[in-house]
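Shown below: model_19.tsv, with TSV, C-alpha atoms.
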chain	number	residue	atom	x	y	z
A	26	MET	CA	-37.39	54.58	63.36
A	27	ASN	CA	-41.11	55.18	63.84
A	28	THR	CA	-41.94	53.46	60.57
A	29	ASN	CA	-39.83	50.43	61.44
A	30	TRP	CA	-41.59	49.99	64.76
A	31	LYS	CA	-44.98	50.33	63.13
A	32	ASN	CA	-44.17	47.85	60.38
A	33	LYS	CA	-42.90	45.28	62.87
A	34	LEU	CA	-45.98	45.44	65.04
A	35	TYR	CA	-48.22	43.27	62.90
A	36	CYS	CA	-45.66	40.48	62.73
A	37	LEU	CA	-44.50	40.76	66.33
A	38	LEU	CA	-47.76	41.49	68.07
A	39	CYS	CA	-50.78	40.87	65.91
A	40	CYS	CA	-50.24	37.71	63.93
A	41	VAL	CA	-50.38	35.38	66.90
A	42	PHE	CA	-53.81	33.78	66.92
A	43	LEU	CA	-55.44	33.64	70.34
A	44	ALA	CA	-56.24	30.04	71.19
A	45	LEU	CA	-59.93	29.87	71.99
A	46	PRO	CA	-61.25	27.73	74.85
A	47	VAL	CA	-64.10	26.48	72.76
A	48	MET	CA	-65.30	24.24	75.60
A	49	ALA	CA	-66.06	27.30	77.75
A	50	LYS	CA	-69.06	27.00	79.99
A	51	ASN	CA	-72.37	28.28	78.68
A	52	LEU	CA	-71.41	27.76	75.03
A	53	SER	CA	-74.03	25.74	73.22
A	54	PRO	CA	-72.75	22.43	71.80
A	55	ALA	CA	-73.54	23.67	68.29
A	56	LEU	CA	-71.48	26.86	68.62
A	57	ALA	CA	-68.67	25.05	70.43
A	58	LYS	CA	-68.41	22.60	67.50
A	59	LYS	CA	-68.59	25.45	64.98
A	60	LEU	CA	-65.78	27.31	66.72
A	61	ASN	CA	-63.67	24.18	67.02
A	62	ASP	CA	-64.16	23.31	63.33
A	63	THR	CA	-63.30	26.89	62.37
A	64	GLN	CA	-60.10	26.67	64.42
A	65	LEU	CA	-59.11	23.48	62.59
A	66	ALA	CA	-59.84	25.12	59.24
A	67	LEU	CA	-57.60	28.05	60.15
A	68	GLU	CA	-54.79	25.71	61.12
A	69	LYS	CA	-55.09	24.15	57.65
A	70	LYS	CA	-55.24	27.63	56.07
A	71	ASP	CA	-58.64	26.81	54.61
A	72	TYR	CA	-59.98	30.32	55.10
A	73	GLN	CA	-62.96	29.92	52.78
A	74	ARG	CA	-64.25	27.01	54.86
A	75	ALA	CA	-63.55	28.90	58.09
A	76	GLN	CA	-65.74	31.77	56.91
A	77	ALA	CA	-68.46	29.44	55.72
A	78	LEU	CA	-68.56	27.63	59.06
A	79	LEU	CA	-69.17	30.84	61.01
A	80	GLY	CA	-71.76	32.22	58.62
A	81	GLN	CA	-72.96	35.82	58.65
A	82	THR	CA	-75.51	35.79	61.44
A	83	PRO	CA	-74.32	36.09	65.06
A	84	PRO	CA	-75.85	33.96	67.85
A	85	SER	CA	-78.63	35.38	69.97
A	86	SER	CA	-76.93	35.56	73.39
A	87	GLU	CA	-74.30	38.22	74.12
A	88	PHE	CA	-71.97	35.59	75.57
A	89	GLU	CA	-72.00	33.52	72.39
A	90	GLN	CA	-71.87	36.66	70.25
A	91	ALA	CA	-68.63	37.63	72.00
A	92	TRP	CA	-67.04	34.30	71.04
A	93	TRP	CA	-68.46	34.42	67.52
A	94	TRP	CA	-67.12	37.94	66.83
A	95	ARG	CA	-63.80	36.97	68.34
A	96	MET	CA	-63.49	34.01	66.00
A	97	ARG	CA	-64.50	36.14	63.01
A	98	GLY	CA	-61.71	38.51	63.99
A	99	ALA	CA	-59.28	35.60	64.07
A	100	VAL	CA	-60.34	34.53	60.57
A	101	ALA	CA	-59.86	38.07	59.23
A	102	GLN	CA	-56.51	38.26	60.98
A	103	HIS	CA	-55.29	35.05	59.36
A	104	GLN	CA	-56.38	36.44	55.99
A	105	ASN	CA	-54.21	39.52	56.59
A	106	GLN	CA	-57.21	41.83	56.90
A	107	PRO	CA	-56.19	43.82	59.98
A	108	ALA	CA	-58.84	46.55	59.65
A	109	LEU	CA	-61.64	43.99	59.48
A	110	ALA	CA	-60.08	41.95	62.27
A	111	LEU	CA	-59.92	45.04	64.48
A	112	ASP	CA	-63.58	45.78	63.87
A	113	TYR	CA	-64.62	42.24	64.85
A	114	PHE	CA	-62.36	42.12	67.92
A	115	GLN	CA	-63.75	45.45	69.10
A	116	LYS	CA	-67.30	44.15	68.81
A	117	SER	CA	-66.30	41.15	70.88
A	118	ALA	CA	-64.59	43.33	73.50
A	119	LEU	CA	-67.54	45.69	73.84
A	120	LEU	CA	-69.74	42.78	74.90
A	121	ASN	CA	-67.37	42.20	77.87
A	122	GLN	CA	-68.33	38.57	78.35
A	123	PHE	CA	-65.02	36.86	79.07
A	124	ASP	CA	-63.13	36.04	82.23
A	125	ALA	CA	-60.17	38.21	83.23
A	126	THR	CA	-57.38	36.48	81.28
A	127	PRO	CA	-59.13	36.13	77.89
A	128	MET	CA	-60.54	39.64	78.31
A	129	ARG	CA	-57.07	41.06	78.93
A	130	GLN	CA	-55.76	39.18	75.88
A	131	LEU	CA	-58.56	40.60	73.76
A	132	TYR	CA	-57.86	44.17	74.85
A	133	GLN	CA	-54.17	43.58	74.10
A	134	LEU	CA	-55.00	42.41	70.60
A	135	VAL	CA	-57.32	45.37	69.99
A	136	GLY	CA	-54.52	47.67	71.13
A	137	ASP	CA	-51.95	46.00	68.88
A	138	LEU	CA	-54.17	46.15	65.81
A	139	SER	CA	-55.15	49.77	66.54
A	140	LEU	CA	-51.51	50.77	66.90
A	141	ASN	CA	-50.63	49.03	63.65
A	142	GLN	CA	-53.37	51.01	61.92
A	143	GLU	CA	-52.22	54.31	63.46
A	144	LYS	CA	-55.31	54.64	65.65
A	145	TYR	CA	-53.27	55.70	68.62
A	146	ASP	CA	-56.00	56.98	70.94
A	147	GLN	CA	-57.93	53.75	70.45
A	148	ALA	CA	-54.78	51.73	71.09
A	149	ILE	CA	-54.10	53.62	74.31
A	150	ARG	CA	-57.60	52.94	75.60
A	151	ALA	CA	-57.28	49.23	74.84
A	152	TYR	CA	-53.87	48.89	76.46
A	153	ARG	CA	-55.06	50.72	79.56
A	154	ALA	CA	-58.05	48.38	79.75
A	155	ALA	CA	-55.70	45.40	79.52
A	156	ASN	CA	-53.49	46.80	82.27
A	157	ALA	CA	-56.51	47.53	84.44
A	158	ILE	CA	-57.17	43.77	84.49
A	159	GLU	CA	-53.54	42.80	84.98
A	160	PRO	CA	-50.48	44.97	84.14
A	161	ARG	CA	-48.26	43.16	81.65
A	162	TYR	CA	-45.12	43.91	79.66
A	163	ALA	CA	-46.87	43.75	76.27
A	164	ALA	CA	-49.45	46.36	77.22
A	165	TRP	CA	-46.84	48.73	78.65
A	166	ARG	CA	-44.77	48.28	75.49
A	167	GLY	CA	-47.80	49.07	73.34
A	168	LEU	CA	-48.59	52.12	75.44
A	169	ALA	CA	-45.02	53.39	75.07
A	170	LEU	CA	-45.17	53.07	71.29
A	171	SER	CA	-48.64	54.62	71.07
A	172	HIS	CA	-47.73	57.60	73.23
A	173	TYR	CA	-44.55	58.14	71.22
A	174	MET	CA	-46.50	58.19	67.97
A	175	LYS	CA	-48.69	60.90	69.50
A	176	ALA	CA	-45.59	62.85	70.57
A	177	ASP	CA	-46.57	62.49	74.24
A	178	TYR	CA	-43.01	61.94	75.36
A	179	PRO	CA	-43.46	62.06	79.18
A	180	ALA	CA	-46.13	59.34	78.93
A	181	THR	CA	-43.83	57.39	76.60
A	182	VAL	CA	-41.03	57.45	79.17
A	183	THR	CA	-43.36	56.30	81.96
A	184	ALA	CA	-44.77	53.38	79.95
A	185	ALA	CA	-41.41	52.29	78.56
A	186	LYS	CA	-39.81	52.27	82.01
A	187	LYS	CA	-42.65	50.14	83.37
A	188	ALA	CA	-42.25	47.72	80.46
A	189	ILE	CA	-38.51	47.43	81.07
A	190	ALA	CA	-38.93	47.03	84.83
A	191	GLY	CA	-41.50	44.27	84.41
A	192	HIS	CA	-39.59	42.00	82.04
A	193	PRO	CA	-36.28	40.14	82.41
A	194	SER	CA	-35.37	40.58	78.74
A	195	PRO	CA	-37.11	43.62	77.25
A	196	GLU	CA	-37.01	43.98	73.49
A	197	LYS	CA	-34.57	46.41	71.99
A	198	SER	CA	-37.43	48.47	70.54
A	199	VAL	CA	-38.64	49.36	74.05
A	200	PHE	CA	-35.25	50.82	74.97
A	201	GLU	CA	-35.14	52.61	71.62
A	202	VAL	CA	-38.54	54.25	72.06
A	203	LEU	CA	-37.50	55.28	75.59
A	204	LEU	CA	-34.28	56.73	74.20
A	205	ALA	CA	-36.13	58.59	71.45
A	206	ALA	CA	-38.56	60.13	73.96
A	207	GLN	CA	-35.72	61.15	76.28
A	208	TYR	CA	-33.92	62.69	73.32
A	209	GLU	CA	-37.01	64.66	72.32
A	210	THR	CA	-37.41	66.01	75.86
A	211	ARG	CA	-33.67	66.77	76.16
A	212	ASN	CA	-33.36	64.48	79.16
A	213	TRP	CA	-29.62	64.06	78.70
A	214	PRO	CA	-28.92	62.03	81.87
A	215	GLY	CA	-31.70	59.69	80.76
A	216	VAL	CA	-30.24	59.46	77.26
A	217	VAL	CA	-26.87	58.44	78.69
A	218	LYS	CA	-28.41	55.85	81.01
A	219	THR	CA	-30.55	54.30	78.25
A	220	THR	CA	-27.68	54.11	75.77
A	221	GLN	CA	-25.60	52.41	78.44
A	222	ALA	CA	-28.37	49.84	78.90
A	223	LEU	CA	-28.60	49.25	75.14
A	224	LEU	CA	-24.83	48.85	74.77
A	225	ALA	CA	-24.76	46.42	77.68
A	226	ARG	CA	-27.45	44.18	76.17
A	227	TYR	CA	-27.14	44.27	72.38
A	228	PRO	CA	-24.46	44.41	69.67
A	229	ALA	CA	-23.18	47.95	69.51
A	230	GLN	CA	-24.71	50.43	67.09
A	231	VAL	CA	-23.02	53.68	66.21
A	232	ASP	CA	-26.19	55.72	66.82
A	233	TRP	CA	-26.17	54.73	70.48
A	234	TYR	CA	-22.60	55.91	70.93
A	235	LEU	CA	-23.41	59.15	69.11
A	236	GLN	CA	-26.48	59.78	71.26
A	237	GLN	CA	-24.53	58.90	74.39
A	238	ALA	CA	-21.78	61.33	73.41
A	239	GLN	CA	-24.38	64.02	72.78
A	240	GLY	CA	-25.99	63.29	76.15
A	241	TRP	CA	-22.64	63.77	77.88
A	242	GLN	CA	-21.79	66.84	75.81
A	243	TYR	CA	-25.02	68.65	76.67
A	244	GLN	CA	-24.27	68.03	80.34
A	245	GLY	CA	-20.90	69.71	79.87
A	246	ARG	CA	-19.02	66.46	80.42
A	247	LEU	CA	-16.77	66.60	77.39
A	248	LYS	CA	-14.28	63.97	78.54
A	249	GLU	CA	-17.07	61.38	78.87
A	250	ALA	CA	-18.44	62.42	75.47
A	251	THR	CA	-14.98	61.98	73.99
A	252	ALA	CA	-14.63	58.55	75.60
A	253	SER	CA	-17.92	57.42	74.02
A	254	LEU	CA	-16.73	58.33	70.54
A	255	LEU	CA	-13.29	56.84	71.13
A	256	THR	CA	-14.93	53.53	72.08
A	257	ALA	CA	-17.00	53.66	68.91
A	258	ARG	CA	-13.84	54.32	66.91
A	259	GLU	CA	-12.07	51.37	68.53
A	260	GLN	CA	-14.96	49.19	67.36
A	261	GLN	CA	-14.60	50.64	63.85
A	262	LEU	CA	-18.08	52.16	63.96
A	263	LEU	CA	-17.09	55.71	63.05
A	264	THR	CA	-17.50	55.45	59.29
A	265	GLN	CA	-18.43	59.04	58.47
A	266	ALA	CA	-16.23	62.11	58.32
A	267	SER	CA	-18.67	64.07	60.50
A	268	TYR	CA	-18.15	61.59	63.36
A	269	TRP	CA	-14.38	62.00	63.19
A	270	ARG	CA	-14.63	65.79	63.06
A	271	TRP	CA	-16.94	65.73	66.07
A	272	LEU	CA	-14.47	63.56	68.00
A	273	ALA	CA	-11.65	65.94	67.10
A	274	TYR	CA	-13.78	68.91	68.19
A	275	LEU	CA	-14.55	67.29	71.56
A	276	GLN	CA	-10.86	66.59	72.12
A	277	GLN	CA	-10.00	70.18	71.29
A	278	GLN	CA	-12.75	71.52	73.56
A	279	SER	CA	-11.55	69.21	76.35
A	280	GLY	CA	-8.20	70.98	76.32
A	281	ALA	CA	-6.35	68.57	74.04
A	282	PRO	CA	-6.16	70.29	70.61
A	283	LEU	CA	-3.14	68.23	69.62
A	284	ARG	CA	-5.15	65.04	70.07
A	285	GLY	CA	-7.90	66.59	68.01
A	286	ALA	CA	-5.41	67.31	65.26
A	287	GLU	CA	-4.07	63.77	65.45
A	288	THR	CA	-7.62	62.43	65.12
A	289	LEU	CA	-8.06	64.47	61.95
A	290	GLU	CA	-4.71	63.25	60.62
A	291	LEU	CA	-5.74	59.64	61.25
A	292	GLY	CA	-9.09	60.18	59.57
A	293	LEU	CA	-7.32	61.67	56.56
A	294	LYS	CA	-4.86	58.79	56.45
A	295	GLN	CA	-7.65	56.20	56.56
A	296	GLY	CA	-9.60	57.99	53.85
A	297	VAL	CA	-12.62	58.69	56.06
A	298	ILE	CA	-12.01	62.43	55.94
A	299	ALA	CA	-11.48	64.06	52.55
A	300	LYS	CA	-8.47	66.27	52.08
A	301	ASN	CA	-10.12	69.57	51.27
A	302	VAL	CA	-10.13	73.18	52.39
A	303	GLU	CA	-12.50	72.50	55.30
A	304	SER	CA	-10.48	69.65	56.78
A	305	GLN	CA	-7.13	71.40	56.27
A	306	ARG	CA	-8.33	74.60	57.91
A	307	MET	CA	-9.65	72.63	60.88
A	308	LEU	CA	-6.35	70.77	61.13
A	309	LEU	CA	-4.41	74.03	60.91
A	310	SER	CA	-6.47	75.67	63.67
A	311	TYR	CA	-5.98	72.74	66.04
A	312	TYR	CA	-2.23	72.68	65.50
A	313	GLN	CA	-2.16	76.43	66.11
A	314	LEU	CA	-4.13	76.01	69.35
A	315	ALA	CA	-1.63	73.32	70.39
A	316	LYS	CA	1.24	75.68	69.41
A	317	ALA	CA	2.61	72.89	67.24
A	318	TRP	CA	3.96	75.36	64.71
A	319	GLN	CA	6.02	72.97	62.61
A	320	ARG	CA	3.15	70.48	62.25
A	321	ALA	CA	0.80	73.35	61.39
A	322	GLU	CA	2.87	74.22	58.33
A	323	ALA	CA	1.80	71.20	56.28
A	324	PRO	CA	-1.91	72.04	56.10
A	325	LEU	CA	-1.10	75.74	55.78
A	326	ARG	CA	1.24	75.20	52.83
A	327	TRP	CA	-1.41	72.98	51.22
A	328	LEU	CA	-3.93	75.81	51.57
A	329	ILE	CA	-1.49	78.30	50.07
A	330	ALA	CA	-0.85	75.97	47.13
A	331	GLN	CA	-4.58	75.47	46.57
A	332	GLN	CA	-5.84	79.00	47.15
A	333	GLY	CA	-2.85	81.33	47.39
A	334	LYS	CA	-4.67	83.64	49.79
A	335	GLY	CA	-2.71	86.52	51.23
A	336	LYS	CA	-4.15	85.78	54.65
A	337	ASP	CA	-2.66	82.28	54.61
A	338	ARG	CA	0.73	83.57	53.46
A	339	ARG	CA	0.73	86.11	56.27
A	340	THR	CA	-0.25	83.36	58.73
A	341	LEU	CA	2.77	81.33	57.61
A	342	ILE	CA	5.07	84.31	58.24
A	343	GLU	CA	3.53	84.96	61.67
A	344	MET	CA	3.80	81.30	62.69
A	345	ARG	CA	7.48	81.22	61.81
A	346	LEU	CA	8.07	84.43	63.70
A	347	THR	CA	6.31	82.96	66.74
A	348	ALA	CA	8.49	79.86	66.45
A	349	ARG	CA	11.57	82.17	66.22
A	350	ASP	CA	12.38	80.75	62.79
A	351	TRP	CA	13.77	84.07	61.58
A	352	GLN	CA	15.21	82.82	58.32
A	353	GLY	CA	12.04	80.89	57.47
A	354	ALA	CA	9.87	83.91	58.26
A	355	LEU	CA	11.90	86.16	55.99
A	356	LYS	CA	11.84	83.59	53.20
A	357	ALA	CA	8.07	83.29	53.45
A	358	ALA	CA	7.77	87.09	53.49
A	359	TYR	CA	9.86	87.48	50.30
A	360	GLN	CA	7.69	84.90	48.55
A	361	ALA	CA	4.50	86.54	49.78
A	362	GLU	CA	5.56	90.01	48.62
A	363	LYS	CA	6.48	88.55	45.25
A	364	ALA	CA	2.97	87.09	45.06
A	365	GLY	CA	1.53	90.56	45.67
A	366	VAL	CA	0.59	90.13	49.33
A	367	SER	CA	0.46	93.29	51.42
A	368	PHE	CA	1.73	93.49	55.00
A	369	SER	CA	0.59	95.53	57.96
A	370	GLU	CA	2.91	97.96	59.71
A	371	SER	CA	3.27	95.62	62.67
A	372	LEU	CA	4.19	92.69	60.45
A	373	TRP	CA	6.85	94.77	58.67
A	374	LEU	CA	8.25	95.75	62.08
A	375	ASN	CA	8.37	92.11	63.21
A	376	LEU	CA	10.17	91.20	60.00
A	377	GLY	CA	12.64	93.98	60.77
A	378	PHE	CA	13.24	92.53	64.22
A	379	ALA	CA	13.77	89.09	62.63
A	380	ALA	CA	16.30	90.62	60.26
A	381	ASN	CA	17.99	92.25	63.25
A	382	GLU	CA	18.34	88.85	64.88
A	383	MET	CA	19.87	87.54	61.65
A	384	ALA	CA	22.14	90.59	61.32
A	385	ASP	CA	20.96	90.69	57.70
A	386	GLN	CA	21.32	94.33	56.68
A	387	ALA	CA	19.61	93.89	53.34
A	388	ALA	CA	16.60	92.28	55.00
A	389	GLN	CA	16.61	94.98	57.68
A	390	ARG	CA	16.55	97.77	55.10
A	391	TRP	CA	13.83	95.98	53.10
A	392	ALA	CA	11.63	95.47	56.20
A	393	TYR	CA	11.98	99.00	57.65
A	394	GLN	CA	11.42	100.59	54.27
A	395	GLY	CA	8.21	98.57	54.19
A	396	VAL	CA	7.23	100.15	57.51
A	397	LEU	CA	8.00	103.65	56.21
A	398	ALA	CA	5.93	103.05	53.09
A	399	ILE	CA	2.93	102.69	55.38
A	400	ASN	CA	3.94	105.12	58.13
A	401	PRO	CA	6.63	107.60	57.11
A	402	GLU	CA	6.72	108.97	60.67
A	403	SER	CA	7.63	105.64	62.31
A	404	LYS	CA	10.40	106.47	64.77
A	405	ILE	CA	11.60	102.88	65.01
A	406	ALA	CA	11.92	102.46	61.24
A	407	ARG	CA	13.58	105.85	60.74
A	408	GLN	CA	16.02	105.05	63.53
A	409	GLN	CA	16.90	101.64	62.10
A	410	ILE	CA	17.43	103.05	58.61
A	411	ALA	CA	19.67	105.78	60.08
A	412	ILE	CA	21.77	103.09	61.78
A	413	LEU	CA	22.07	101.17	58.53
A	414	ASP	CA	23.12	104.37	56.71
A	415	GLY	CA	25.78	105.07	59.36
A	416	ARG	CA	24.04	108.27	60.42
A	417	LEU	CA	23.32	106.87	63.85
A	418	LYS	CA	25.15	104.54	66.11
A	419	SER	CA	23.32	101.41	67.20
Could you write out this file's structure as structure tokens?
Amino acid sequence: MNTNWKNKLYCLLCCVFLALPVMAKNLSPALAKKLNDTQLALEKKDYQRAQALLGQTPPSSEFEQAWWWRMRGAVAQHQNQPALALDYFQKSALLNQFDATPMRQLYQLVGDLSLNQEKYDQAIRAYRAANAIEPRYAAWRGLALSHYMKADYPATVTAAKKAIAGHPSPEKSVFEVLLAAQYETRNWPGVVKTTQALLARYPAQVDWYLQQAQGWQYQGRLKEATASLLTAREQQLLTQASYWRWLAYLQQQSGAPLRGAETLELGLKQGVIAKNVESQRMLLSYYQLAKAWQRAEAPLRWLIAQQGKGKDRRTLIEMRLTARDWQGALKAAYQAEKAGVSFSESLWLNLGFAANEMADQAAQRWAYQGVLAINPESKIARQQIAILDGRLKS
């Protein structure tokens, strides 16, 4: 962003030639004609003639020297020699021979050229001098950019706000430098306010919605952060998987994990989010938080098929037990044991209870024997086995 601003400055701020009132009082007729002829040569892009007309020797009086150096700066500027132009304009400014308006214009130009050449302290001095004569939008804008380049963010905010307040249609770059400075200083209410101003004035950009959402999020206002990203999605600006995952996360954190899961599903369907372990685990966790056990099975089964982890197989069993799907839980447990997955004592006991609910004696014996293999002293398992063997009434 910084580089873009800097590269635009020469075209936006520095290439406009200052019209010279060559008939100013106290100019000798000879110098007035020379300046006028030089101006005409510049308009015709005859830069060699323009240089020849001015010559190399300045006039004797400081007043005429100021005009002569100023015109030399204009010639250098038209020849795309900004460093040389800056040097000449500074020499003209130091003589301080002009009335208020042309003097302010000269300071503005010195500031613009200094900023373009990364001479930020020099630019700040020139802009302040221009504002001391008459505060103007262009000088405040230049000050905002210069302060930002020096990482003086509080001064950036002050200058940018003055620029915006003093102009009916501030340039987008002024809002952007204000936003960047507010972001750097973690002024989250300011970030939200500036992004709102940008979105109200210019075609929407995804970065503004993202920064607005972050501004809301850091203030703990997750519903507003979610709304910002939802608006961006409606405008088809969320083109990266990370944006969709962030939206899903905000929905989950706002107390709507099912909506978060549905956002992930939509992102997967549209091809924005890749179907991989990361996305499927996130989807699984959100469905689990929403207690949507049946919908959670699809990503979980995909993970089992891809990785075959015992933890995932146990999760499938536990989810089915929670959903009171006794038959499904036992089926998943048989498959897991066949795949070499070990169970905890508590999981074996829960499988035994599921078998009890099914009145499946074979499953009961299998589950309680699993408990005894871990804890031979388990009273519950020993009791249940005794009932199955007819040694104890149920």
What gap, in Å, lies between atom CA of A:Glu382 and atom CA of A:Arg339?
19.8 Å
Excluding stretch 119-128 of chain A and any residue of its chain fewer than 2 positions from it, enumerate the residues within 8 Å of it, using all atoms listed in the file, and give them as a PyMOL selection string.
chain A and resi 87-88+90-91+115-117+130-132+155+158
Figure out the distance between atom CA of A:His192 and atom CA of A:Ala164, please, to one decimal in Å.
11.8 Å
Which residues are near stretch 304-314 of chain A? Cut-off 7 Å, all atoms listed in the file, ignore same chain within fewer than 3 positions. Put them as a PDB file with C-alpha atoms, keeping the file's coordinate frame.
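This is the output file selection.pdb:
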ATOM      1  CA  PRO A 282      -6.160  70.290  70.610  1.00  0.00           C
ATOM      2  CA  LEU A 283      -3.140  68.230  69.620  1.00  0.00           C
ATOM      3  CA  GLY A 285      -7.900  66.590  68.010  1.00  0.00           C
ATOM      4  CA  ALA A 286      -5.410  67.310  65.260  1.00  0.00           C
ATOM      5  CA  LEU A 289      -8.060  64.470  61.950  1.00  0.00           C
ATOM      6  CA  LYS A 300      -8.470  66.270  52.080  1.00  0.00           C
ATOM      7  CA  ASN A 301     -10.120  69.570  51.270  1.00  0.00           C
ATOM      8  CA  ALA A 317       2.610  72.890  67.240  1.00  0.00           C
ATOM      9  CA  TRP A 318       3.960  75.360  64.710  1.00  0.00           C
ATOM     10  CA  ARG A 320       3.150  70.480  62.250  1.00  0.00           C
ATOM     11  CA  ALA A 321       0.800  73.350  61.390  1.00  0.00           C
ATOM     12  CA  PRO A 324      -1.910  72.040  56.100  1.00  0.00           C
ATOM     13  CA  LEU A 325      -1.100  75.740  55.780  1.00  0.00           C
TER      14      LEU A 325
END
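The spacing separating atom CA of A:Ala205 from atom CA of A:Gln242 amounts to 17.1 Å.
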Taking 5 positions as the minimum chain separation for residues in the same chain, which residues sit within 6 Å of stretch 378-381 of chain A when counting all atoms listed in the file? Answer as an MDAnalysis selection string.
chainID A and resid 351 388:389
Write the residues of the selection above to a file with C-alpha atoms, as a PDB file, in the coordinates of the input.
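Contents of again21.pdb, freshly written:
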ATOM      1  CA  TRP A 351      13.770  84.070  61.580  1.00  0.00           C
ATOM      2  CA  ALA A 388      16.600  92.280  55.000  1.00  0.00           C
ATOM      3  CA  GLN A 389      16.610  94.980  57.680  1.00  0.00           C
TER       4      GLN A 389
END
Applying 6 Å and only C-alpha atoms, which residues near stretch 245-256 of chain A remain after dropping the ones on its own chain fewer than 3 positions away? List them as a short mmCIF file (atom, residue, chain, number, x, y, z; two decimals) with C-alpha atoms, in the frame of the given file.
data_model
loop_
_atom_site.label_atom_id
_atom_site.label_comp_id
_atom_site.auth_asym_id
_atom_site.auth_seq_id
_atom_site.Cartn_x
_atom_site.Cartn_y
_atom_site.Cartn_z
CA TYR A 234 -22.60 55.91 70.93
CA ALA A 238 -21.78 61.33 73.41
CA TRP A 241 -22.64 63.77 77.88
CA GLN A 242 -21.79 66.84 75.81
CA GLU A 259 -12.07 51.37 68.53
CA LEU A 275 -14.55 67.29 71.56
CA SER A 279 -11.55 69.21 76.35
#
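Counting all atoms listed in the file and comparing A:Ala273, A:Ala411, A:Val396, A:Ala281, the residue that lies closest to A:Phe368 is A:Val396.
If you measure from each of A:Lys218, A:Ala357, A:Gly167, A:Glu89 to A:Pro54 using all atoms listed in the file, the closest one turns out to be A:Glu89.
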Polymer residues at most 10 Å from (-18.9, 60.1, 65.5) by all atoms listed in the file, as a JSON list (two decimals) with C-alpha atoms, in the coordinates of the input:
[["chain", "number", "residue", "atom", "x", "y", "z"],
["A", 231, "VAL", "CA", -23.02, 53.68, 66.21],
["A", 232, "ASP", "CA", -26.19, 55.72, 66.82],
["A", 234, "TYR", "CA", -22.60, 55.91, 70.93],
["A", 235, "LEU", "CA", -23.41, 59.15, 69.11],
["A", 236, "GLN", "CA", -26.48, 59.78, 71.26],
["A", 238, "ALA", "CA", -21.78, 61.33, 73.41],
["A", 239, "GLN", "CA", -24.38, 64.02, 72.78],
["A", 251, "THR", "CA", -14.98, 61.98, 73.99],
["A", 253, "SER", "CA", -17.92, 57.42, 74.02],
["A", 254, "LEU", "CA", -16.73, 58.33, 70.54],
["A", 255, "LEU", "CA", -13.29, 56.84, 71.13],
["A", 257, "ALA", "CA", -17.00, 53.66, 68.91],
["A", 258, "ARG", "CA", -13.84, 54.32, 66.91],
["A", 262, "LEU", "CA", -18.08, 52.16, 63.96],
["A", 263, "LEU", "CA", -17.09, 55.71, 63.05],
["A", 264, "THR", "CA", -17.50, 55.45, 59.29],
["A", 265, "GLN", "CA", -18.43, 59.04, 58.47],
["A", 266, "ALA", "CA", -16.23, 62.11, 58.32],
["A", 267, "SER", "CA", -18.67, 64.07, 60.50],
["A", 268, "TYR", "CA", -18.15, 61.59, 63.36],
["A", 269, "TRP", "CA", -14.38, 62.00, 63.19],
["A", 270, "ARG", "CA", -14.63, 65.79, 63.06],
["A", 271, "TRP", "CA", -16.94, 65.73, 66.07],
["A", 272, "LEU", "CA", -14.47, 63.56, 68.00],
["A", 273, "ALA", "CA", -11.65, 65.94, 67.10]]
